[in-house]
>>> print(open('upload-v7.tsv').read())   # TSV, C-alpha atoms and all ligand atoms
chain	number	residue	atom	x	y	z
A	1	MET	CA	46.95	45.71	68.53
A	2	PRO	CA	48.36	46.63	71.95
A	3	VAL	CA	45.80	47.58	74.58
A	4	ARG	CA	45.25	51.29	75.21
A	5	ALA	CA	43.08	52.28	78.16
A	6	LEU	CA	42.42	55.87	77.10
A	7	TRP	CA	43.32	58.47	74.49
A	8	TRP	CA	42.40	62.00	73.37
A	9	GLU	CA	40.07	62.13	70.37
A	10	ARG	CA	38.43	65.18	68.77
A	11	GLY	CA	37.95	67.26	71.89
A	12	ALA	CA	37.07	64.38	74.19
A	13	LEU	CA	38.74	61.89	76.50
A	14	ALA	CA	38.01	58.47	74.97
A	15	LEU	CA	38.30	55.46	77.26
A	16	LEU	CA	37.63	51.76	77.21
A	17	ASP	CA	34.88	51.22	79.77
A	18	GLN	CA	36.51	48.66	82.06
A	19	ARG	CA	33.21	47.76	83.72
A	20	GLU	CA	32.11	46.15	80.45
A	21	LEU	CA	35.18	43.99	79.85
A	22	PRO	CA	35.72	41.26	78.88
A	23	GLY	CA	32.21	40.83	77.50
A	24	ARG	CA	31.94	44.02	75.45
A	25	THR	CA	34.38	46.60	74.13
A	26	VAL	CA	32.68	49.91	74.82
A	27	VAL	CA	34.41	53.25	74.21
A	28	ARG	CA	33.08	56.22	76.20
A	29	ARG	CA	33.81	59.76	75.05
A	30	LEU	CA	33.91	62.18	77.96
A	31	ARG	CA	33.65	65.93	77.36
A	32	THR	CA	33.44	67.33	80.88
A	33	ALA	CA	35.46	67.10	84.10
A	34	GLU	CA	32.28	65.91	85.82
A	35	ALA	CA	32.00	62.96	83.43
A	36	VAL	CA	35.66	62.10	84.02
A	37	ALA	CA	35.16	62.25	87.81
A	38	GLN	CA	32.19	59.93	87.51
A	39	ALA	CA	34.15	57.49	85.32
A	40	ILE	CA	36.94	57.36	87.91
A	41	ARG	CA	34.54	56.94	90.83
A	42	THR	CA	32.63	54.09	89.16
A	43	LEU	CA	35.79	52.33	87.91
A	44	ALA	CA	35.06	52.79	84.21
A	45	VAL	CA	38.71	53.83	84.29
A	46	ARG	CA	40.83	52.42	87.10
A	47	GLY	CA	44.38	51.54	88.17
A	48	ALA	CA	46.58	54.18	89.74
A	49	PRO	CA	48.54	55.50	86.71
A	50	ALA	CA	45.46	55.43	84.44
A	51	ILE	CA	43.30	57.41	86.84
A	52	GLY	CA	46.11	59.95	87.13
A	53	VAL	CA	46.12	60.40	83.36
A	54	ALA	CA	42.30	60.49	83.19
A	55	ALA	CA	42.25	63.17	85.90
A	56	ALA	CA	44.89	65.17	84.00
A	57	TYR	CA	42.57	65.19	80.97
A	58	GLY	CA	39.65	66.01	83.28
A	59	MET	CA	41.53	69.15	84.36
A	60	ALA	CA	42.18	70.01	80.71
A	61	LEU	CA	38.49	69.57	79.88
A	62	ALA	CA	37.53	71.86	82.77
A	63	ALA	CA	39.96	74.52	81.51
A	64	ARG	CA	38.72	74.28	77.91
A	65	ARG	CA	35.05	74.57	78.83
A	66	GLY	CA	35.46	77.69	80.93
A	67	GLY	CA	33.31	78.47	83.96
A	68	SER	CA	35.62	76.47	86.23
A	69	SER	CA	38.84	77.26	88.04
A	70	PRO	CA	41.95	75.21	88.84
A	71	ASP	CA	40.76	74.99	92.46
A	72	ARG	CA	37.25	73.87	91.63
A	73	ALA	CA	38.39	71.25	89.11
A	74	THR	CA	41.02	69.99	91.55
A	75	LYS	CA	38.39	69.55	94.25
A	76	LEU	CA	36.02	67.72	91.91
A	77	LEU	CA	38.56	65.28	90.52
A	78	GLY	CA	40.53	64.92	93.75
A	79	SER	CA	37.46	63.74	95.65
A	80	THR	CA	36.94	60.66	93.48
A	81	ARG	CA	39.31	58.07	94.98
A	82	PRO	CA	41.65	58.66	97.93
A	83	THR	CA	44.31	55.93	97.82
A	84	ALA	CA	46.10	56.17	94.47
A	85	VAL	CA	48.53	59.08	94.75
A	86	ASP	CA	48.87	59.18	90.95
A	87	LEU	CA	45.45	60.81	90.86
A	88	PHE	CA	46.82	63.85	92.68
A	89	VAL	CA	50.06	63.90	90.72
A	90	GLY	CA	48.09	63.93	87.44
A	91	ILE	CA	45.83	66.71	88.68
A	92	ASP	CA	48.79	68.80	89.88
A	93	ALA	CA	50.66	68.40	86.60
A	94	VAL	CA	47.84	70.15	84.72
A	95	ARG	CA	46.81	72.49	87.51
A	96	SER	CA	50.24	74.12	87.63
A	97	ALA	CA	50.31	74.55	83.83
A	98	TRP	CA	46.79	76.02	83.89
A	99	ALA	CA	47.65	78.39	86.75
A	100	ALA	CA	50.81	79.50	84.89
A	101	GLY	CA	48.79	80.34	81.75
A	102	GLU	CA	50.19	77.40	79.76
A	103	ASP	CA	48.05	75.10	77.63
A	104	PRO	CA	46.39	72.57	80.02
A	105	LEU	CA	45.73	70.11	77.19
A	106	GLU	CA	49.41	70.08	76.23
A	107	ALA	CA	50.22	69.45	79.91
A	108	ALA	CA	47.80	66.51	79.98
A	109	HIS	CA	49.34	65.06	76.81
A	110	ALA	CA	52.82	65.45	78.31
A	111	TYR	CA	51.72	63.75	81.55
A	112	ARG	CA	50.26	60.86	79.57
A	113	GLU	CA	53.51	60.44	77.62
A	114	ARG	CA	55.50	60.49	80.83
A	115	VAL	CA	53.40	57.67	82.32
A	116	VAL	CA	53.51	55.53	79.16
A	117	GLU	CA	57.28	55.96	78.85
A	118	ALA	CA	57.78	55.11	82.55
A	119	CYS	CA	55.78	51.90	82.22
A	120	HIS	CA	57.69	50.89	79.11
A	121	ARG	CA	60.94	51.31	81.04
A	122	ILE	CA	59.55	49.26	83.96
A	123	GLY	CA	59.10	46.40	81.49
A	124	THR	CA	62.71	46.55	80.36
A	125	VAL	CA	64.07	46.95	83.88
A	126	GLY	CA	61.91	44.16	85.34
A	127	ALA	CA	62.10	41.48	82.65
A	128	PRO	CA	65.53	40.14	83.72
A	129	LEU	CA	64.15	39.47	87.23
A	130	LEU	CA	61.82	36.91	85.66
A	131	ARG	CA	64.52	35.24	83.57
A	132	ARG	CA	64.55	32.11	85.68
A	133	ALA	CA	60.89	32.17	86.74
A	134	HIS	CA	58.35	29.64	85.51
A	135	GLY	CA	55.20	30.52	87.42
A	136	VAL	CA	54.48	34.19	88.14
A	137	LEU	CA	51.60	35.26	90.38
A	138	THR	CA	49.92	38.65	89.96
A	139	HIS	CA	47.04	40.28	91.79
A	140	CYS	CA	44.35	42.66	90.50
A	141	ASN	CA	45.05	44.28	87.12
A	142	ALA	CA	48.31	46.14	86.81
A	143	GLY	CA	48.35	45.93	83.03
A	144	ALA	CA	47.85	48.37	80.20
A	145	LEU	CA	44.28	48.97	81.30
A	146	ALA	CA	45.56	50.26	84.63
A	147	THR	CA	48.30	52.45	83.21
A	148	VAL	CA	47.23	53.55	79.68
A	149	GLU	CA	49.79	51.25	77.96
A	150	TRP	CA	52.19	48.45	78.97
A	151	GLY	CA	51.26	48.14	82.64
A	152	THR	CA	53.42	48.00	85.74
A	153	ALA	CA	53.35	44.39	86.99
A	154	LEU	CA	52.42	43.14	83.52
A	155	ALA	CA	55.11	45.15	81.72
A	156	PRO	CA	58.05	42.90	82.80
A	157	ILE	CA	55.89	39.84	82.08
A	158	ARG	CA	55.12	41.18	78.58
A	159	VAL	CA	58.76	41.98	77.83
A	160	ALA	CA	60.01	38.64	79.24
A	161	HIS	CA	57.41	36.81	77.11
A	162	GLU	CA	58.44	38.78	73.99
A	163	ARG	CA	62.03	37.75	74.67
A	164	GLY	CA	61.05	34.10	74.69
A	165	ALA	CA	60.77	33.36	78.43
A	166	LYS	CA	58.47	30.40	79.11
A	167	LEU	CA	56.35	32.12	81.75
A	168	PHE	CA	53.04	30.92	83.07
A	169	VAL	CA	50.99	33.58	84.84
A	170	PHE	CA	48.76	32.77	87.81
A	171	VAL	CA	46.03	35.43	87.83
A	172	ASP	CA	44.27	36.05	91.15
A	173	GLU	CA	40.61	36.57	90.32
A	174	THR	CA	40.62	39.56	92.74
A	175	ARG	CA	37.31	39.75	94.52
A	176	PRO	CA	35.16	41.69	94.91
A	177	LEU	CA	35.32	43.34	91.46
A	178	LEU	CA	37.31	40.65	89.65
A	179	GLN	CA	39.94	42.86	88.03
A	180	GLY	CA	42.10	39.73	87.68
A	181	SER	CA	39.67	37.39	85.94
A	182	ARG	CA	37.99	40.13	83.90
A	183	LEU	CA	40.88	42.42	82.96
A	184	THR	CA	44.29	40.81	83.51
A	185	ALA	CA	43.14	37.56	81.91
A	186	TRP	CA	41.70	39.58	78.99
A	187	GLU	CA	45.02	41.31	78.40
A	188	LEU	CA	47.02	38.07	78.66
A	189	ALA	CA	44.60	36.18	76.41
A	190	ARG	CA	44.86	38.87	73.69
A	191	GLU	CA	48.62	38.48	73.70
A	192	ARG	CA	48.58	34.69	74.01
A	193	ILE	CA	50.58	34.74	77.23
A	194	PRO	CA	49.93	31.41	78.98
A	195	HIS	CA	47.93	31.90	82.16
A	196	ALA	CA	45.27	30.52	84.48
A	197	VAL	CA	42.80	32.39	86.64
A	198	ILE	CA	42.80	31.16	90.23
A	199	ALA	CA	40.45	31.84	93.11
A	200	ASP	CA	42.01	34.40	95.44
A	201	ASN	CA	42.29	31.85	98.20
A	202	ALA	CA	44.24	29.41	95.97
A	203	ALA	CA	47.36	31.61	95.81
A	204	GLY	CA	48.84	30.21	99.05
A	205	HIS	CA	48.52	26.69	97.70
A	206	TYR	CA	50.58	27.50	94.58
A	207	LEU	CA	53.14	29.52	96.52
A	208	ARG	CA	53.71	26.57	98.83
A	209	SER	CA	53.76	23.92	96.09
A	210	GLY	CA	56.57	25.70	94.24
A	211	GLU	CA	54.54	26.24	91.06
A	212	VAL	CA	54.74	29.99	91.67
A	213	ASP	CA	58.33	31.15	91.91
A	214	ALA	CA	57.87	34.94	91.64
A	215	VAL	CA	55.13	37.43	92.53
A	216	VAL	CA	54.77	40.77	90.73
A	217	VAL	CA	52.14	43.34	91.70
A	218	GLY	CA	51.52	47.05	91.12
A	219	ALA	CA	50.84	49.69	93.76
A	220	ASP	CA	48.50	52.57	94.43
A	221	ARG	CA	50.78	54.47	96.79
A	222	ILE	CA	54.25	53.73	98.13
A	223	ALA	CA	55.37	55.49	101.31
A	224	ARG	CA	58.91	56.73	101.96
A	225	ASN	CA	59.81	53.63	104.00
A	226	GLY	CA	58.56	51.26	101.28
A	227	ASP	CA	55.21	50.29	102.85
A	228	PHE	CA	52.74	50.27	99.99
A	229	ALA	CA	49.01	50.13	99.30
A	230	ASN	CA	47.61	47.90	96.60
A	231	LYS	CA	44.38	46.02	95.89
A	232	ILE	CA	42.88	44.28	98.89
A	233	GLY	CA	44.45	40.83	99.28
A	234	THR	CA	47.97	41.91	98.33
A	235	TYR	CA	49.18	41.85	101.94
A	236	GLU	CA	48.33	38.21	102.51
A	237	LYS	CA	50.02	37.22	99.23
A	238	ALA	CA	53.18	39.03	100.35
A	239	VAL	CA	53.21	37.27	103.72
A	240	VAL	CA	52.70	33.84	102.17
A	241	ALA	CA	55.38	34.56	99.55
A	242	ARG	CA	57.88	35.40	102.30
A	243	GLU	CA	56.90	32.31	104.29
A	244	ASN	CA	57.75	30.21	101.23
A	245	GLY	CA	60.88	32.06	100.14
A	246	VAL	CA	59.30	33.36	96.91
A	247	PRO	CA	60.52	36.81	95.72
A	248	PHE	CA	57.86	39.52	95.84
A	249	TYR	CA	58.29	42.46	93.44
A	250	VAL	CA	56.35	45.75	93.35
A	251	ALA	CA	56.45	47.52	89.98
A	252	ALA	CA	55.54	51.22	89.84
A	253	PRO	CA	56.33	54.50	88.07
A	254	TRP	CA	57.64	57.42	90.14
A	255	THR	CA	54.16	58.97	90.14
A	256	THR	CA	53.08	56.21	92.57
A	257	PHE	CA	55.79	57.00	95.15
A	258	ASP	CA	54.65	59.41	97.84
A	259	ALA	CA	57.69	60.95	99.51
A	260	ARG	CA	55.41	62.93	101.82
A	261	ARG	CA	54.08	59.83	103.64
A	262	ALA	CA	56.64	58.44	106.05
A	263	SER	CA	55.01	55.01	106.34
A	264	GLY	CA	52.00	52.97	105.36
A	265	ARG	CA	50.12	54.19	108.43
A	266	ALA	CA	49.65	57.53	106.69
A	267	ILE	CA	48.12	56.04	103.52
A	268	PRO	CA	44.36	56.59	103.25
A	269	VAL	CA	42.47	53.39	102.42
A	270	GLU	CA	39.32	53.72	100.34
A	271	GLU	CA	36.24	51.93	101.67
A	272	ARG	CA	33.74	51.16	98.91
A	273	GLY	CA	30.05	50.26	98.98
A	274	PRO	CA	28.86	46.97	100.56
A	275	GLU	CA	26.99	45.89	97.43
A	276	GLU	CA	30.32	45.11	95.73
A	277	VAL	CA	30.82	42.31	98.29
A	278	LEU	CA	27.20	41.28	98.86
A	279	GLU	CA	26.37	40.95	95.14
A	280	LEU	CA	27.94	39.35	92.10
A	281	GLY	CA	26.86	40.51	88.66
A	282	GLY	CA	23.86	42.26	90.22
A	283	ARG	CA	22.69	39.10	92.04
A	284	ARG	CA	22.54	39.16	95.83
A	285	LEU	CA	24.66	36.41	97.38
A	286	ALA	CA	24.30	37.07	101.10
A	287	PRO	CA	21.15	37.02	103.23
A	288	PRO	CA	19.17	40.27	103.03
A	289	SER	CA	20.05	41.30	106.59
A	290	SER	CA	23.83	40.74	106.24
A	291	ARG	CA	26.14	43.71	106.13
A	292	ALA	CA	29.59	43.90	104.53
A	293	ARG	CA	32.94	45.63	104.92
A	294	ASN	CA	34.74	46.54	101.72
A	295	PRO	CA	38.21	48.06	101.99
A	296	ALA	CA	39.44	48.47	98.39
A	297	PHE	CA	43.12	48.30	99.36
A	298	ASP	CA	45.45	47.00	102.03
A	299	VAL	CA	48.88	48.15	103.10
A	300	THR	CA	51.84	45.75	102.94
A	301	PRO	CA	54.85	46.52	105.14
A	302	ALA	CA	58.11	47.12	103.26
A	303	ARG	CA	59.79	44.14	104.92
A	304	TYR	CA	57.83	41.79	102.64
A	305	VAL	CA	59.05	43.51	99.45
A	306	THR	CA	62.04	41.91	97.74
A	307	ALA	CA	62.47	44.90	95.44
A	308	PHE	CA	60.68	47.77	93.72
A	309	VAL	CA	60.86	47.78	89.94
A	310	THR	CA	61.06	51.45	88.92
A	311	PRO	CA	61.63	53.06	85.51
A	312	ASP	CA	65.22	53.76	86.56
A	313	GLY	CA	66.20	50.44	88.06
A	314	VAL	CA	65.52	47.87	90.75
A	315	LEU	CA	65.54	49.23	94.31
A	316	ARG	CA	65.60	47.33	97.61
A	317	PRO	CA	63.32	48.85	100.28
A	318	PRO	CA	66.22	50.29	102.37
A	319	GLU	CA	67.44	52.23	99.30
A	320	LEU	CA	64.12	53.93	98.76
A	321	ALA	CA	64.15	56.83	101.22
A	322	SER	CA	67.45	58.26	99.99
A	323	ARG	CA	66.35	57.79	96.36
A	324	LEU	CA	63.11	59.67	97.05
A	325	ALA	CA	64.96	62.45	98.85
A	326	ARG	CA	66.79	63.06	95.58
A	327	ARG	CA	63.61	62.75	93.50
A	328	PRO	CA	60.51	63.78	95.52
A	329	LEU	CA	57.54	63.17	93.18
A	330	GLY	CA	57.35	62.05	89.57
B	1	LIG	O1	40.47	49.58	92.49
B	1	LIG	P1	41.41	49.53	91.32
B	1	LIG	O2	41.02	48.52	90.30
B	1	LIG	O3	41.69	50.89	90.75
B	1	LIG	O4	42.78	49.02	91.97
B	1	LIG	C1	43.91	48.93	91.15
B	1	LIG	C2	45.07	48.29	91.82
B	1	LIG	O5	45.06	48.00	92.98
B	1	LIG	C3	46.30	48.09	90.98
B	1	LIG	O6	47.02	46.97	91.39
B	1	LIG	C4	47.19	49.34	91.14
B	1	LIG	O7	46.48	50.50	90.83
B	1	LIG	C5	48.40	49.25	90.33
B	1	LIG	S1	48.02	49.63	88.67
B	1	LIG	C6	49.31	49.63	87.72
>>> encode(input="upload-v7.tsv", output="structure tokens", more="lines below")
Ligand code: MRU
Amino acid sequence: MPVRALWWERGALALLDQRELPGRTVVRRLRTAEAVAQAIRTLAVRGAPAIGVAAAYGMALAARRGGSSPDRATKLLGSTRPTAVDLFVGIDAVRSAWAAGEDPLEAAHAYRERVVEACHRIGTVGAPLLRRAHGVLTHCNAGALATVEWGTALAPIRVAHERGAKLFVFVDETRPLLQGSRLTAWELARERIPHAVIADNAAGHYLRSGEVDAVVVGADRIARNGDFANKIGTYEKAVVARENGVPFYVAAPWTTFDARRASGRAIPVEERGPEEVLELGGRRLAPPSSRARNPAFDVTPARYVTAFVTPDGVLRPPELASRLARRPLG
């Protein structure tokens, strides 16, 4: 069975609680916008496209329950996580339908379909780039769990694998919350795609040794000039890939492109709680008096990107601004 991160079921948003994976498969059924906001904030649902879809359903739940307004629901859901622009695109897709007197739930379903279809197309567009690759490095989880179905970075890997490519995936563990070792490895293991989890600080070693000959990551927000935000640690992988002549691809649906931000300097970076760094599995690692800094994302300059893999084709960074001018958002 292919992985599905979330779906609509008998009046509720059902989602796989990603905090519990890979140990337990727990489905949560959310019936209020407040519950959806909490699930996004606590990373029960995560990954830019998936939180956009969850927020779209959160808006629909607010509309169905009554007692809320498009503005109030937008404020609630929009305050959950600042970096992934998909969150705001998902909210807006339902907000405008709601404000126009259309069915908000139908708008949420349509938004979900649009995201799933876009990710499927990313797989088809991106697979040929990996035709000659043997070792592919990915960071965080940009799979079906992060996008509802298919994934962004994992979609070309999935399609290439289905077509018989002999790919081996190097999975960055992705501290502090281990989206790589917990979630990406879980998805790859289910589909029997050969892979190994590596410590985050091992990636440079494999990029230099030649065992990794392509890098594919997702994104949380891509500015007009091609600078992009993704999970903390992406920037250093991009720099080391360039240093070693390894192509670095960023796969994303149009909902992740933010034509309103001229460059990465305008992308807000979420700072999360220190306990995520100071503890592991609830156990304190650092001395009691130590503090921590915990930026959830970093911004990689466009010059390190070989190409963006979009639903409509492969784009080099210099081609992006004119493409976005023709197609502002979504
Ligand atoms: O904090 P997270 O787990 O939501 O961060 C997710 C990422 O950084 C992903 O790489 C990104 O959203 C792309 S998902 C297709």
>>> closest_residue(input="upload-v7.tsv", among="A:His139, A:Arg72, A:Arg64, A:Arg182", to="ligand LIG 1 (chain B)", atoms="all atoms listed in the file")
A:His139
>>> residues_near_ligand(input="upload-v7.tsv", ligand="ligand LIG 1 (chain B)", cutoff="7 Å", atoms="only C-alpha atoms and all ligand atoms", output="list in words")
Leu43, Arg46, Gly47, Ala48, Pro49, Ala84, His139, Cys140, Asn141, Ala142, Gly143, Ala146, Thr147, Gly151, Thr152, Ala153, Gln179, Val217, Gly218, Ala219, Asp220, Asn230, Lys231, Ala252, Ala296 and Phe297 of chain A
>>> write_last_selection(input="upload-v7.tsv", atoms="C-alpha atoms", output="CSV table (one decimal), in the coordinates of the input")
chain,number,residue,atom,x,y,z
A,43,LEU,CA,35.8,52.3,87.9
A,46,ARG,CA,40.8,52.4,87.1
A,47,GLY,CA,44.4,51.5,88.2
A,48,ALA,CA,46.6,54.2,89.7
A,49,PRO,CA,48.5,55.5,86.7
A,84,ALA,CA,46.1,56.2,94.5
A,139,HIS,CA,47.0,40.3,91.8
A,140,CYS,CA,44.4,42.7,90.5
A,141,ASN,CA,45.0,44.3,87.1
A,142,ALA,CA,48.3,46.1,86.8
A,143,GLY,CA,48.4,45.9,83.0
A,146,ALA,CA,45.6,50.3,84.6
A,147,THR,CA,48.3,52.4,83.2
A,151,GLY,CA,51.3,48.1,82.6
A,152,THR,CA,53.4,48.0,85.7
A,153,ALA,CA,53.4,44.4,87.0
A,179,GLN,CA,39.9,42.9,88.0
A,217,VAL,CA,52.1,43.3,91.7
A,218,GLY,CA,51.5,47.0,91.1
A,219,ALA,CA,50.8,49.7,93.8
A,220,ASP,CA,48.5,52.6,94.4
A,230,ASN,CA,47.6,47.9,96.6
A,231,LYS,CA,44.4,46.0,95.9
A,252,ALA,CA,55.5,51.2,89.8
A,296,ALA,CA,39.4,48.5,98.4
A,297,PHE,CA,43.1,48.3,99.4
>>> atom_distance(input="upload-v7.tsv", atom1="atom CA of A:Glu9", atom2="atom CA of A:Val36")
14.3 Å
>>> residues_around(input="upload-v7.tsv", residues="stretch 24-26 of chain A", least_positions_apart="3", cutoff="12 Å", atoms="all atoms listed in the file", output="list in words")
Val3, Arg4, Ala5, Leu6, Ala14, Leu15, Leu16, Asp17, Gln18, Arg19, Glu20, Leu21, Arg29, Ala44, Val45, Arg182, Leu183 and Trp186 of chain A
>>> closest_residue(input="upload-v7.tsv", among="A:Glu319, A:Asp227, A:Asp312, A:Glu162", to="A:Val250", atoms="all atoms listed in the file")
A:Asp227
>>> residues_around(input="upload-v7.tsv", residues="A:Leu315", least_positions_apart="3", cutoff="12 Å", atoms="only C-alpha atoms", output="VMD selection string")
chain A and resid 122 125 to 126 226 249 to 252 302 305 to 312 318 to 324
>>> residues_around(input="upload-v7.tsv", residues="A:Glu187", least_positions_apart="2", cutoff="10 Å", atoms="all atoms listed in the file", output="count of residues only")
18
>>> closest_residue(input="upload-v7.tsv", among="A:Glu149, A:Asp92, A:Asp213, A:Asp86", to="A:Cys119", atoms="all atoms listed in the file")
A:Glu149
>>> atom_distance(input="upload-v7.tsv", atom1="atom CA of A:Gly23", atom2="atom CA of A:Val197")
16.3 Å
>>> atom_distance(input="upload-v7.tsv", atom1="atom CA of A:Val246", atom2="atom CA of A:Thr138")
12.8 Å
>>> build_atoms(input="upload-v7.tsv", residues="stretch 29-37 of chain A", atoms="all heavy atoms", output="compact mmCIF listing (two decimals), in the frame of the given file")
# COMPACT_ATOMS: atom_id res chain seq x y z
N ARG A 29 33.15 58.49 75.38
CA ARG A 29 33.81 59.76 75.05
C ARG A 29 33.34 60.81 76.05
O ARG A 29 32.15 61.13 76.09
CB ARG A 29 33.51 60.17 73.61
CG ARG A 29 34.23 59.24 72.64
CD ARG A 29 34.12 59.57 71.18
NE ARG A 29 34.92 58.61 70.42
CZ ARG A 29 34.57 57.34 70.18
NH1 ARG A 29 33.42 56.88 70.63
NH2 ARG A 29 35.37 56.52 69.52
N LEU A 30 34.27 61.29 76.85
CA LEU A 30 33.91 62.18 77.96
C LEU A 30 34.33 63.61 77.60
O LEU A 30 35.46 63.85 77.19
CB LEU A 30 34.60 61.72 79.24
CG LEU A 30 34.48 60.22 79.56
CD1 LEU A 30 35.25 59.87 80.83
CD2 LEU A 30 33.02 59.80 79.70
N ARG A 31 33.38 64.54 77.79
CA ARG A 31 33.65 65.93 77.36
C ARG A 31 33.67 66.91 78.52
O ARG A 31 33.85 68.11 78.31
CB ARG A 31 32.62 66.35 76.31
CG ARG A 31 32.79 65.60 75.03
CD ARG A 31 31.93 66.09 73.87
NE ARG A 31 32.41 65.47 72.64
CZ ARG A 31 32.17 64.22 72.28
NH1 ARG A 31 31.44 63.44 73.04
NH2 ARG A 31 32.67 63.73 71.15
N THR A 32 33.42 66.42 79.73
CA THR A 32 33.44 67.33 80.88
C THR A 32 34.25 66.71 82.02
O THR A 32 34.38 65.47 82.11
CB THR A 32 32.01 67.60 81.43
OG1 THR A 32 31.48 66.35 81.91
CG2 THR A 32 31.10 68.16 80.35
N ALA A 33 34.73 67.59 82.91
CA ALA A 33 35.46 67.10 84.10
C ALA A 33 34.52 66.28 84.98
O ALA A 33 34.94 65.31 85.62
CB ALA A 33 36.03 68.29 84.87
N GLU A 34 33.25 66.65 85.01
CA GLU A 34 32.28 65.91 85.82
C GLU A 34 32.16 64.47 85.33
O GLU A 34 32.11 63.52 86.12
CB GLU A 34 30.88 66.58 85.77
CG GLU A 34 30.76 67.87 86.55
CD GLU A 34 31.45 69.07 85.87
OE1 GLU A 34 31.82 68.97 84.67
OE2 GLU A 34 31.61 70.11 86.54
N ALA A 35 32.11 64.32 84.00
CA ALA A 35 32.00 62.96 83.43
C ALA A 35 33.26 62.15 83.73
O ALA A 35 33.19 60.95 84.01
CB ALA A 35 31.75 63.04 81.93
N VAL A 36 34.41 62.81 83.71
CA VAL A 36 35.66 62.10 84.02
C VAL A 36 35.65 61.68 85.49
O VAL A 36 36.00 60.54 85.83
CB VAL A 36 36.89 62.98 83.70
CG1 VAL A 36 38.18 62.29 84.16
CG2 VAL A 36 36.96 63.30 82.22
N ALA A 37 35.21 62.58 86.37
CA ALA A 37 35.16 62.25 87.81
C ALA A 37 34.25 61.05 88.04
O ALA A 37 34.59 60.14 88.80
CB ALA A 37 34.66 63.47 88.60
